[in-house]
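Q: One file: entry.tsv (TSV, C-alpha atoms).
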chain	number	residue	atom	x	y	z
C	1	MET	CA	-218.36	-22.09	-45.12
C	2	VAL	CA	-214.84	-20.96	-45.85
C	3	GLU	CA	-212.07	-22.79	-44.00
C	4	TRP	CA	-209.39	-20.48	-42.65
C	5	THR	CA	-206.07	-21.74	-41.32
C	6	ASP	CA	-204.67	-20.14	-38.18
C	7	PHE	CA	-202.02	-18.47	-40.31
C	8	GLU	CA	-204.64	-16.98	-42.62
C	9	ARG	CA	-206.77	-15.65	-39.76
C	10	ALA	CA	-203.77	-14.14	-38.01
C	11	THR	CA	-202.43	-12.66	-41.27
C	12	ILE	CA	-205.71	-10.96	-42.19
C	13	GLN	CA	-206.11	-9.42	-38.75
C	14	ASP	CA	-202.48	-8.35	-38.80
C	15	VAL	CA	-202.50	-6.79	-42.28
C	16	PHE	CA	-205.74	-4.88	-41.69
C	17	SER	CA	-204.51	-3.60	-38.32
C	18	LYS	CA	-201.39	-2.24	-40.01
C	19	ILE	CA	-202.97	-0.39	-42.93
C	20	ASN	CA	-204.47	3.08	-42.66
C	21	TYR	CA	-207.97	2.76	-44.09
C	22	ASP	CA	-208.16	6.49	-44.78
C	23	VAL	CA	-205.12	6.27	-47.03
C	24	VAL	CA	-205.41	2.82	-48.56
C	25	GLY	CA	-209.11	3.09	-49.43
C	26	PRO	CA	-208.80	6.28	-51.46
C	27	GLN	CA	-205.59	5.08	-53.13
C	28	ALA	CA	-207.10	1.75	-54.15
C	29	LEU	CA	-210.23	3.30	-55.63
C	30	ALA	CA	-208.26	6.02	-57.42
C	31	ARG	CA	-205.93	3.41	-58.86
C	32	CYS	CA	-208.88	1.35	-60.08
C	33	LEU	CA	-210.39	4.37	-61.86
C	34	ILE	CA	-207.01	5.21	-63.44
C	35	VAL	CA	-205.81	1.74	-64.44
C	36	TYR	CA	-209.25	0.48	-65.54
C	37	PRO	CA	-210.98	3.62	-66.83
C	38	TRP	CA	-214.20	1.83	-67.73
C	39	THR	CA	-214.92	1.58	-64.00
C	40	GLN	CA	-215.53	5.33	-64.07
C	41	ARG	CA	-218.96	4.56	-65.55
C	42	TYR	CA	-220.30	4.09	-62.03
C	43	PHE	CA	-219.12	7.47	-60.83
C	44	GLY	CA	-220.74	9.88	-63.27
C	45	ASN	CA	-221.64	12.32	-60.52
C	46	PHE	CA	-218.15	12.44	-59.00
C	47	GLY	CA	-217.09	15.49	-61.00
C	48	ASN	CA	-213.60	15.75	-62.48
C	49	LEU	CA	-212.16	12.33	-63.40
C	50	TYR	CA	-210.41	13.51	-66.57
C	51	ASN	CA	-206.90	12.44	-65.75
C	52	ALA	CA	-204.82	10.66	-63.11
C	53	ALA	CA	-204.06	13.85	-61.17
C	54	ALA	CA	-207.72	14.85	-61.08
C	55	ILE	CA	-208.77	11.40	-59.89
C	56	MET	CA	-206.12	11.29	-57.19
C	57	GLY	CA	-207.17	14.73	-55.92
C	58	ASN	CA	-210.92	14.16	-56.16
C	59	PRO	CA	-212.52	14.40	-52.70
C	60	MET	CA	-215.53	12.28	-53.66
C	61	VAL	CA	-213.22	9.47	-54.80
C	62	ALA	CA	-211.36	9.72	-51.50
C	63	ALA	CA	-214.55	9.64	-49.47
C	64	HIS	CA	-215.85	6.66	-51.36
C	65	GLY	CA	-212.54	4.84	-51.01
C	66	LYS	CA	-212.92	5.13	-47.24
C	67	THR	CA	-216.48	3.78	-47.46
C	68	VAL	CA	-215.26	0.76	-49.41
C	69	LEU	CA	-212.57	-0.04	-46.83
C	70	GLY	CA	-215.14	0.37	-44.10
C	71	GLY	CA	-217.22	-2.27	-45.87
C	72	LEU	CA	-214.21	-4.57	-46.11
C	73	ASP	CA	-213.58	-4.13	-42.41
C	74	ARG	CA	-216.94	-5.78	-41.71
C	75	ALA	CA	-215.67	-8.88	-43.46
C	76	VAL	CA	-212.41	-8.73	-41.47
C	77	LYS	CA	-214.47	-8.77	-38.29
C	78	ASN	CA	-216.79	-11.56	-39.46
C	79	MET	CA	-214.50	-13.95	-41.30
C	80	ASP	CA	-216.72	-16.92	-40.52
C	81	ASP	CA	-219.78	-15.48	-42.18
C	82	ILE	CA	-218.73	-13.10	-44.90
C	83	LYS	CA	-221.58	-14.34	-47.08
C	84	GLY	CA	-224.18	-13.36	-44.49
C	85	THR	CA	-222.43	-10.11	-43.61
C	86	TYR	CA	-222.49	-9.00	-47.25
C	87	ALA	CA	-226.00	-10.18	-48.23
C	88	GLU	CA	-227.48	-6.68	-48.14
C	89	LEU	CA	-224.43	-5.04	-49.72
C	90	SER	CA	-224.66	-7.56	-52.54
C	91	VAL	CA	-228.29	-6.70	-53.20
C	92	LEU	CA	-227.40	-3.00	-53.12
C	93	HIS	CA	-224.62	-3.42	-55.70
C	94	SER	CA	-226.80	-5.46	-58.03
C	95	GLU	CA	-230.30	-3.98	-57.71
C	96	LYS	CA	-229.53	-0.37	-57.03
C	97	LEU	CA	-226.00	0.34	-58.26
C	98	HIS	CA	-225.99	-2.17	-61.16
C	99	VAL	CA	-222.26	-2.82	-60.93
C	100	ASP	CA	-220.83	-5.59	-63.12
C	101	PRO	CA	-219.32	-7.92	-60.50
C	102	ASP	CA	-216.23	-8.51	-62.66
C	103	ASN	CA	-215.24	-4.99	-61.62
C	104	PHE	CA	-215.01	-6.04	-57.96
C	105	ARG	CA	-212.04	-8.19	-58.95
C	106	LEU	CA	-210.31	-5.19	-60.51
C	107	LEU	CA	-210.73	-3.11	-57.37
C	108	ALA	CA	-209.51	-6.08	-55.33
C	109	ASP	CA	-206.36	-6.29	-57.51
C	110	CYS	CA	-205.69	-2.58	-57.05
C	111	LEU	CA	-206.17	-2.89	-53.31
C	112	THR	CA	-203.67	-5.77	-53.23
C	113	ILE	CA	-201.13	-3.62	-55.05
C	114	VAL	CA	-201.63	-0.63	-52.75
C	115	VAL	CA	-201.19	-2.83	-49.68
C	116	ALA	CA	-198.12	-4.43	-51.28
C	117	ALA	CA	-196.58	-1.02	-51.92
C	118	GLN	CA	-197.21	-0.04	-48.29
C	119	MET	CA	-195.88	-3.23	-46.75
C	120	GLY	CA	-192.93	-3.81	-49.08
C	121	ALA	CA	-190.97	-6.90	-48.10
C	122	GLY	CA	-193.50	-7.63	-45.35
C	123	PHE	CA	-196.02	-8.57	-48.03
C	124	THR	CA	-194.42	-11.96	-48.51
C	125	PRO	CA	-195.81	-14.53	-50.97
C	126	ALA	CA	-197.53	-16.35	-48.07
C	127	VAL	CA	-199.09	-13.12	-46.80
C	128	GLN	CA	-200.16	-12.26	-50.34
C	129	ALA	CA	-201.82	-15.66	-50.76
C	130	ALA	CA	-203.80	-15.25	-47.51
C	131	PHE	CA	-204.77	-11.69	-48.40
C	132	GLN	CA	-205.90	-12.66	-51.89
C	133	LYS	CA	-207.93	-15.59	-50.56
C	134	PHE	CA	-209.72	-13.23	-48.16
C	135	ILE	CA	-210.36	-10.65	-50.85
C	136	ALA	CA	-211.63	-13.34	-53.24
C	137	VAL	CA	-214.13	-14.49	-50.60
C	138	ALA	CA	-215.31	-10.90	-50.10
C	139	VAL	CA	-215.65	-10.40	-53.87
C	140	SER	CA	-217.56	-13.64	-54.24
C	141	ALA	CA	-219.92	-12.72	-51.40
C	142	LEU	CA	-220.59	-9.34	-53.00
C	143	GLY	CA	-221.52	-11.04	-56.24
C	144	ARG	CA	-223.78	-13.66	-54.69
C	145	GLN	CA	-227.13	-11.90	-54.71
C	146	TYR	CA	-227.03	-11.05	-58.42
C	147	HIS	CA	-229.70	-12.69	-60.49
U	1	MET	CA	-202.98	1.87	-76.53
U	2	LEU	CA	-199.75	3.24	-75.10
U	3	SER	CA	-198.82	6.91	-75.20
U	4	ASN	CA	-195.21	7.94	-75.84
U	5	THR	CA	-194.86	8.95	-72.18
U	6	GLU	CA	-196.04	5.52	-71.12
U	7	LYS	CA	-193.64	3.78	-73.51
U	8	GLU	CA	-190.72	5.74	-72.02
U	9	LEU	CA	-191.88	4.98	-68.49
U	10	ILE	CA	-192.07	1.28	-69.32
U	11	VAL	CA	-188.52	1.24	-70.73
U	12	GLN	CA	-187.23	3.13	-67.68
U	13	ILE	CA	-188.78	0.70	-65.25
U	14	TRP	CA	-187.70	-2.48	-67.05
U	15	ASP	CA	-184.16	-1.21	-67.54
U	16	LYS	CA	-183.95	-0.93	-63.74
U	17	MET	CA	-185.12	-4.54	-63.43
U	18	ILE	CA	-182.42	-6.04	-65.66
U	19	PRO	CA	-179.65	-6.02	-63.01
U	20	VAL	CA	-182.03	-7.68	-60.52
U	21	ALA	CA	-183.76	-9.88	-63.07
U	22	GLU	CA	-183.26	-13.08	-61.03
U	23	ASP	CA	-184.67	-11.54	-57.84
U	24	ILE	CA	-187.68	-9.91	-59.47
U	25	GLY	CA	-188.48	-12.81	-61.78
U	26	SER	CA	-188.18	-15.53	-59.16
U	27	GLU	CA	-190.21	-13.47	-56.68
U	28	ALA	CA	-193.04	-12.94	-59.18
U	29	LEU	CA	-193.10	-16.66	-59.96
U	30	LEU	CA	-193.05	-17.62	-56.29
U	31	ARG	CA	-195.92	-15.24	-55.58
U	32	MET	CA	-197.88	-16.81	-58.40
U	33	PHE	CA	-197.21	-20.38	-57.22
U	34	THR	CA	-198.16	-19.50	-53.64
U	35	THR	CA	-201.31	-17.50	-54.41
U	36	PHE	CA	-202.52	-19.59	-57.37
U	37	PRO	CA	-201.32	-23.14	-56.74
U	38	LYS	CA	-202.81	-24.48	-59.98
U	39	THR	CA	-200.05	-22.64	-61.87
U	40	LYS	CA	-197.55	-25.10	-60.43
U	41	THR	CA	-198.96	-27.78	-62.71
U	42	TYR	CA	-196.86	-26.40	-65.56
U	43	PHE	CA	-193.61	-26.80	-63.65
U	44	SER	CA	-193.57	-30.40	-62.50
U	45	HIS	CA	-190.29	-30.83	-64.37
U	46	LEU	CA	-188.51	-28.12	-62.35
U	47	ASP	CA	-187.57	-27.49	-58.73
U	48	ILE	CA	-189.59	-24.36	-57.97
U	49	SER	CA	-188.97	-24.20	-54.24
U	50	PRO	CA	-188.09	-20.72	-52.92
U	51	ASN	CA	-184.65	-19.61	-54.08
U	52	SER	CA	-183.97	-22.72	-56.11
U	53	ASP	CA	-181.63	-22.42	-59.08
U	54	HIS	CA	-184.45	-23.38	-61.45
U	55	LEU	CA	-186.74	-20.71	-60.05
U	56	ARG	CA	-184.10	-17.99	-60.27
U	57	CYS	CA	-183.02	-19.01	-63.75
U	58	HIS	CA	-186.58	-19.13	-65.02
U	59	GLY	CA	-187.46	-15.85	-63.36
U	60	LYS	CA	-184.45	-14.21	-65.00
U	61	LYS	CA	-185.53	-15.42	-68.47
U	62	ILE	CA	-188.98	-13.93	-68.00
U	63	VAL	CA	-187.72	-10.53	-66.86
U	64	GLN	CA	-185.20	-10.39	-69.70
U	65	ALA	CA	-187.90	-11.22	-72.24
U	66	LEU	CA	-190.09	-8.47	-70.78
U	67	ALA	CA	-187.22	-5.98	-70.92
U	68	ASP	CA	-186.63	-6.97	-74.53
U	69	GLY	CA	-190.30	-6.42	-75.32
U	70	ALA	CA	-190.22	-3.05	-73.53
U	71	ARG	CA	-187.41	-1.84	-75.78
U	72	ASN	CA	-189.30	-3.03	-78.89
U	73	ILE	CA	-192.88	-2.15	-78.04
U	74	SER	CA	-193.79	-1.06	-81.57
U	75	THR	CA	-192.68	-4.40	-82.98
U	76	LEU	CA	-193.83	-6.75	-80.24
U	77	ALA	CA	-195.31	-9.33	-82.61
U	78	THR	CA	-192.06	-9.70	-84.57
U	79	THR	CA	-189.77	-9.50	-81.53
U	80	LEU	CA	-191.75	-12.12	-79.65
U	81	ALA	CA	-192.53	-14.43	-82.59
U	82	PRO	CA	-190.27	-17.27	-81.37
U	83	LEU	CA	-191.64	-17.02	-77.80
U	84	SER	CA	-195.13	-16.86	-79.20
U	85	ARG	CA	-194.65	-20.10	-81.15
U	86	PHE	CA	-193.07	-21.72	-78.10
U	87	HIS	CA	-196.01	-20.85	-75.82
U	88	ALA	CA	-198.59	-21.94	-78.40
U	89	TYR	CA	-197.22	-25.19	-79.74
U	90	LEU	CA	-194.96	-26.49	-77.00
U	91	LEU	CA	-196.01	-25.06	-73.65
U	92	ARG	CA	-199.75	-24.80	-74.36
U	93	ILE	CA	-200.47	-22.87	-71.20
U	94	HIS	CA	-204.14	-22.12	-70.51
U	95	PRO	CA	-204.46	-18.44	-71.46
U	96	THR	CA	-206.00	-17.35	-68.13
U	97	ASN	CA	-202.65	-18.01	-66.49
U	98	PHE	CA	-201.00	-15.05	-68.19
U	99	LYS	CA	-203.19	-12.70	-66.17
U	100	LEU	CA	-202.16	-14.43	-62.95
U	101	LEU	CA	-198.45	-13.99	-63.62
U	102	ASN	CA	-199.02	-10.41	-64.81
U	103	HIS	CA	-200.77	-9.60	-61.55
U	104	CYS	CA	-197.94	-11.11	-59.51
U	105	ILE	CA	-195.39	-9.13	-61.53
U	106	LEU	CA	-197.32	-5.95	-60.63
U	107	VAL	CA	-197.38	-6.94	-56.95
U	108	THR	CA	-193.62	-7.60	-57.03
U	109	LEU	CA	-192.97	-4.21	-58.61
U	110	ALA	CA	-195.20	-2.56	-55.99
U	111	CYS	CA	-193.32	-4.22	-53.14
U	112	HIS	CA	-189.96	-3.13	-54.50
U	113	MET	CA	-190.87	0.33	-55.76
U	114	GLY	CA	-193.30	1.41	-53.01
U	115	ASP	CA	-194.60	4.90	-53.71
U	116	ASN	CA	-192.59	5.06	-56.95
U	117	PHE	CA	-195.03	2.54	-58.36
U	118	THR	CA	-197.45	5.36	-59.06
U	119	PRO	CA	-200.94	4.81	-60.49
U	120	VAL	CA	-199.66	6.06	-63.87
U	121	ALA	CA	-196.74	3.62	-63.82
U	122	HIS	CA	-199.11	0.84	-62.73
U	123	ALA	CA	-201.47	1.58	-65.63
U	124	ALA	CA	-198.63	1.69	-68.15
U	125	ILE	CA	-197.06	-1.58	-67.00
U	126	ASP	CA	-200.45	-3.31	-66.79
U	127	LYS	CA	-201.20	-2.32	-70.38
U	128	PHE	CA	-197.76	-3.43	-71.50
U	129	LEU	CA	-198.09	-6.82	-69.79
U	130	SER	CA	-201.54	-7.29	-71.37
U	131	ALA	CA	-200.17	-6.51	-74.81
U	132	PHE	CA	-197.19	-8.81	-74.22
U	133	SER	CA	-199.46	-11.69	-73.09
U	134	ALA	CA	-201.75	-11.15	-76.05
U	135	VAL	CA	-198.81	-11.67	-78.41
U	136	LEU	CA	-197.71	-14.77	-76.49
U	137	ALA	CA	-201.23	-16.21	-76.77
U	138	GLU	CA	-201.75	-15.11	-80.38
U	139	LYS	CA	-200.98	-18.41	-82.05
U	140	PHE	CA	-203.00	-20.54	-79.61
U	141	ARG	CA	-205.73	-21.03	-82.17
Here is a file; write its structure as structure tokens.
A:
Amino acid sequence: MVEWTDFERATIQDVFSKINYDVVGPQALARCLIVYPWTQRYFGNFGNLYNAAAIMGNPMVAAHGKTVLGGLDRAVKNMDDIKGTYAELSVLHSEKLHVDPDNFRLLADCLTIVVAAQMGAGFTPAVQAAFQKFIAVAVSALGRQYH
Amino acid sequence: MLSNTEKELIVQIWDKMIPVAEDIGSEALLRMFTTFPKTKTYFSHLDISPNSDHLRCHGKKIVQALADGARNISTLATTLAPLSRFHAYLLRIHPTNFKLLNHCILVTLACHMGDNFTPVAHAAIDKFLSAFSAVLAEKFR
């Protein structure tokens, strides 16, 4: 089980209460598709992903970004059993979606950067460390059921 | 592969960082030390506490080297040859650490530039930092 300090617990709840999931989710996913274009391979039916502007304006990308943040929210609310919370999601991503789990890390990095841009100076090194630890746990849990 | 637009964008952004090189550089390093504590193992000879002289001085060197690379993107290997030798034969940093610092540089830029750190700027800088690190790690073996 992951050990969380009081600071880390408080920080995660605080950061996720401050960000707007409907904005941050879409931005993070769009950024991932733009900065790491090979991730587009999983979104063949999303229509126009030809350039940055198209990706940022694509409604399917936006909708999926919100879905991803919704998934992350489940981990925020179950910090003491993220592994269990994500068991089914992990199976889904491996058996059905066939996503290379290394790509979860890329999306996690983009999410970190979007949150950093939103929070500015409030995203201190200590807050960043707590956030990244949380995200790393979520990413690891998502990759657990691969075989 | 960097387009001409991206190269210009990279120069623009790094030129803005030169006057605040100490702030940006030391912040990126501090973020890296806080988020990835194993990176501190390379700095046991320095005082890397927040705002220390060593941290600010070292941060400034890094940002200046990056700005130099940005202005000489087409000749990165030649421009960075001395730094490349230094990292390979003297510092011998495990290559995975370059990605960690690169990520923290991106986070620092995002915090300072907010919305101006657009996805296109992010992509360009990420590619630049990857190319820069590749040159620094070139002589490792």
Q: Pull out every residue of chain U sitting within 12 Å of chain C, counting all atoms listed in the file, and send them as a ChimeraX atom specification.
A: /U:26-37,50,99-100,102-128
Q: Using C-alpha atoms, can you write the selected residues to a file as a compact mmCIF listing (two decimals), keeping the file's coordinate frame?
A:
# COMPACT_ATOMS: atom_id res chain seq x y z
CA SER U 26 -188.18 -15.53 -59.16
CA GLU U 27 -190.21 -13.47 -56.68
CA ALA U 28 -193.04 -12.94 -59.18
CA LEU U 29 -193.10 -16.66 -59.96
CA LEU U 30 -193.05 -17.62 -56.29
CA ARG U 31 -195.92 -15.24 -55.58
CA MET U 32 -197.88 -16.81 -58.40
CA PHE U 33 -197.21 -20.38 -57.22
CA THR U 34 -198.16 -19.50 -53.64
CA THR U 35 -201.31 -17.50 -54.41
CA PHE U 36 -202.52 -19.59 -57.37
CA PRO U 37 -201.32 -23.14 -56.74
CA PRO U 50 -188.09 -20.72 -52.92
CA LYS U 99 -203.19 -12.70 -66.17
CA LEU U 100 -202.16 -14.43 -62.95
CA ASN U 102 -199.02 -10.41 -64.81
CA HIS U 103 -200.77 -9.60 -61.55
CA CYS U 104 -197.94 -11.11 -59.51
CA ILE U 105 -195.39 -9.13 -61.53
CA LEU U 106 -197.32 -5.95 -60.63
CA VAL U 107 -197.38 -6.94 -56.95
CA THR U 108 -193.62 -7.60 -57.03
CA LEU U 109 -192.97 -4.21 -58.61
CA ALA U 110 -195.20 -2.56 -55.99
CA CYS U 111 -193.32 -4.22 -53.14
CA HIS U 112 -189.96 -3.13 -54.50
CA MET U 113 -190.87 0.33 -55.76
CA GLY U 114 -193.30 1.41 -53.01
CA ASP U 115 -194.60 4.90 -53.71
CA ASN U 116 -192.59 5.06 -56.95
CA PHE U 117 -195.03 2.54 -58.36
CA THR U 118 -197.45 5.36 -59.06
CA PRO U 119 -200.94 4.81 -60.49
CA VAL U 120 -199.66 6.06 -63.87
CA ALA U 121 -196.74 3.62 -63.82
CA HIS U 122 -199.11 0.84 -62.73
CA ALA U 123 -201.47 1.58 -65.63
CA ALA U 124 -198.63 1.69 -68.15
CA ILE U 125 -197.06 -1.58 -67.00
CA ASP U 126 -200.45 -3.31 -66.79
CA LYS U 127 -201.20 -2.32 -70.38
CA PHE U 128 -197.76 -3.43 -71.50
Q: Nearest to Val15 in chain C: which of C:Gln145, C:Phe134, C:Val2, C:Thr39 is it, counting all atoms listed in the file?
A: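 The answer is C:Phe134, which sits nearest to Val15 in chain C.
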Q: As a short mmCIF file (atom, residue, chain, number, x, y, z; two decimals) with C-alpha atoms, in the coordinates of the input, please: the residues near Ala138 in chain C (cut-off 9 Å, only C-alpha atoms, same-chain neighbours under 3 positions excluded).
A:
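Dumped everything to result_9.cif:
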data_model
loop_
_atom_site.label_atom_id
_atom_site.label_comp_id
_atom_site.auth_asym_id
_atom_site.auth_seq_id
_atom_site.Cartn_x
_atom_site.Cartn_y
_atom_site.Cartn_z
CA LEU C 72 -214.21 -4.57 -46.11
CA ALA C 75 -215.67 -8.88 -43.46
CA ILE C 82 -218.73 -13.10 -44.90
CA LYS C 83 -221.58 -14.34 -47.08
CA TYR C 86 -222.49 -9.00 -47.25
CA LYS C 133 -207.93 -15.59 -50.56
CA PHE C 134 -209.72 -13.23 -48.16
CA ILE C 135 -210.36 -10.65 -50.85
CA ALA C 141 -219.92 -12.72 -51.40
CA LEU C 142 -220.59 -9.34 -53.00
CA GLY C 143 -221.52 -11.04 -56.24
#
Q: What lies within 10 Å of Tyr42 in chain C using all atoms listed in the file, ignoring chain neighbours under 4 positions off, as a list in words?
A: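 Listed by chain and then number, they are Leu33, Trp38, Phe46, Leu97, His98, Val99 and Asp100 of chain C.
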Q: Quick one: everything within 9 Å of Glu138 in chain U, counting all atoms listed in the file, minus sequence neighbours fewer than 4 positions away in the same chain. Send it as a ChimeraX atom specification.
A: /U:77,84-85,88,133-134
Q: Between C:Val139, C:Leu69, C:Ala87, C:Met79, which has the minimum distance to Val23 in chain C (counting all atoms listed in the file)?
A: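 Selected residue with least distance to Val23 in chain C: C:Leu69.
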Q: List as a list in words the protein and nucleic acid residues near Asn58 in chain C, meaning an atom at most 8 Å away when all atoms listed in the file are counted, but skip any in the same chain fewer than 4 places from it.
A: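 After dropping sequence-adjacent residues, the list is Phe46, Gly47, Asn48, Leu49, Ala54 and Ala62 of chain C.
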Q: CA of Lys38 in chain U and CA of Asn97 in chain U, how far apart in Å?
A: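 These two atoms are separated by 9.2 Å.
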Q: Quick check, in Å to one decimal: how far apart do CA of Glu88 in chain C and CA of Pro101 in chain C lie?
A: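 Straight-line distance from CA of Glu88 in chain C to CA of Pro101 in chain C works out to 14.9 Å.
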Q: Could you check the closest approach to Phe86 in chain U for each of U:Phe98, U:Tyr42, U:Trp14, U:Phe140 and tell me which residue wins, using all atoms listed in the file?
A: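 Counting all atoms listed in the file, the residue closest to Phe86 in chain U is U:Phe140.
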Q: Let me have the centre and edge lengths of the axis-aligned box enclosing all listed atoms of range 22-33 of chain C with 5 Å padding on every side, in Å to one decimal, as AutoDock Vina command-line options.
A:
--center_x -207.8 --center_y 3.9 --center_z -53.3 --size_x 15.3 --size_y 15.1 --size_z 27.1
Q: Using Å and a single decimal, report how far CA of Gly69 in chain U sits from CA of Val20 in chain U.
A: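 Taking CA of Val20 in chain U and CA of Gly69 in chain U, their separation equals 17.0 Å.
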Q: Which polymer residues have any atom within 6 Å of an atom of range 56-60 of chain U, counting only C-alpha atoms, with same-chain residues fewer than 6 positions away left out, as a ChimeraX atom specification?
A: /U:21-22,25-26
Q: Kindly indicate which residue among C:Ile55, C:His64, C:Lys96, C:Asp73 lies nearest to Ile19 in chain C, using all atoms listed in the file for the distances.
A: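 Looking only at the distances to Ile19 in chain C, the closest residue turns out to be C:Asp73.
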Q: Once you count only C-alpha atoms, which residues end up no further than 12 Å from (-197.3, -8.7, -83.4) in the file's frame, shown as a VMD selection string?
A: chain U and resid 69 72 to 85 131 to 139
Q: Some atoms are absent from range 106-123 of chain C, so rebuild N, CA and C atoms and return them as an mmCIF file, in the frame of the given file.
A:
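Saved the output as out_16.cif:
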data_model
loop_
_atom_site.group_PDB
_atom_site.id
_atom_site.type_symbol
_atom_site.label_atom_id
_atom_site.label_comp_id
_atom_site.auth_asym_id
_atom_site.auth_seq_id
_atom_site.Cartn_x
_atom_site.Cartn_y
_atom_site.Cartn_z
ATOM 1 N N LEU C 106 -211.299 -6.207 -60.127
ATOM 2 C CA LEU C 106 -210.310 -5.190 -60.510
ATOM 3 C C LEU C 106 -209.957 -4.324 -59.306
ATOM 4 N N LEU C 107 -210.986 -3.920 -58.553
ATOM 5 C CA LEU C 107 -210.730 -3.110 -57.370
ATOM 6 C C LEU C 107 -209.917 -3.918 -56.360
ATOM 7 N N ALA C 108 -210.251 -5.201 -56.243
ATOM 8 C CA ALA C 108 -209.510 -6.080 -55.330
ATOM 9 C C ALA C 108 -208.036 -6.154 -55.728
ATOM 10 N N ASP C 109 -207.760 -6.251 -57.035
ATOM 11 C CA ASP C 109 -206.360 -6.290 -57.510
ATOM 12 C C ASP C 109 -205.644 -5.002 -57.158
ATOM 13 N N CYS C 110 -206.323 -3.870 -57.357
ATOM 14 C CA CYS C 110 -205.690 -2.580 -57.050
ATOM 15 C C CYS C 110 -205.425 -2.454 -55.560
ATOM 16 N N LEU C 111 -206.361 -2.947 -54.750
ATOM 17 C CA LEU C 111 -206.170 -2.890 -53.310
ATOM 18 C C LEU C 111 -204.947 -3.722 -52.906
ATOM 19 N N THR C 112 -204.824 -4.899 -53.519
ATOM 20 C CA THR C 112 -203.670 -5.770 -53.230
ATOM 21 C C THR C 112 -202.369 -5.039 -53.531
ATOM 22 N N ILE C 113 -202.356 -4.326 -54.659
ATOM 23 C CA ILE C 113 -201.130 -3.620 -55.050
ATOM 24 C C ILE C 113 -200.832 -2.458 -54.133
ATOM 25 N N VAL C 114 -201.853 -1.741 -53.679
ATOM 26 C CA VAL C 114 -201.630 -0.630 -52.750
ATOM 27 C C VAL C 114 -201.076 -1.161 -51.419
ATOM 28 N N VAL C 115 -201.662 -2.235 -50.934
ATOM 29 C CA VAL C 115 -201.190 -2.830 -49.680
ATOM 30 C C VAL C 115 -199.758 -3.346 -49.846
ATOM 31 N N ALA C 116 -199.477 -3.944 -51.004
ATOM 32 C CA ALA C 116 -198.120 -4.430 -51.280
ATOM 33 C C ALA C 116 -197.117 -3.289 -51.254
ATOM 34 N N ALA C 117 -197.481 -2.174 -51.885
ATOM 35 C CA ALA C 117 -196.580 -1.020 -51.920
ATOM 36 C C ALA C 117 -196.337 -0.488 -50.517
ATOM 37 N N GLN C 118 -197.354 -0.516 -49.674
ATOM 38 C CA GLN C 118 -197.210 -0.040 -48.290
ATOM 39 C C GLN C 118 -196.337 -0.975 -47.461
ATOM 40 N N MET C 119 -196.552 -2.280 -47.633
ATOM 41 C CA MET C 119 -195.880 -3.230 -46.750
ATOM 42 C C MET C 119 -194.515 -3.677 -47.257
ATOM 43 N N GLY C 120 -194.238 -3.452 -48.529
ATOM 44 C CA GLY C 120 -192.930 -3.810 -49.080
ATOM 45 C C GLY C 120 -192.611 -5.273 -48.857
ATOM 46 N N ALA C 121 -191.427 -5.520 -48.294
ATOM 47 C CA ALA C 121 -190.970 -6.900 -48.100
ATOM 48 C C ALA C 121 -191.874 -7.673 -47.142
ATOM 49 N N GLY C 122 -192.600 -6.968 -46.291
ATOM 50 C CA GLY C 122 -193.500 -7.630 -45.350
ATOM 51 C C GLY C 122 -194.669 -8.321 -46.030
ATOM 52 N N PHE C 123 -194.939 -7.936 -47.267
ATOM 53 C CA PHE C 123 -196.020 -8.570 -48.030
ATOM 54 C C PHE C 123 -195.421 -9.768 -48.746
#
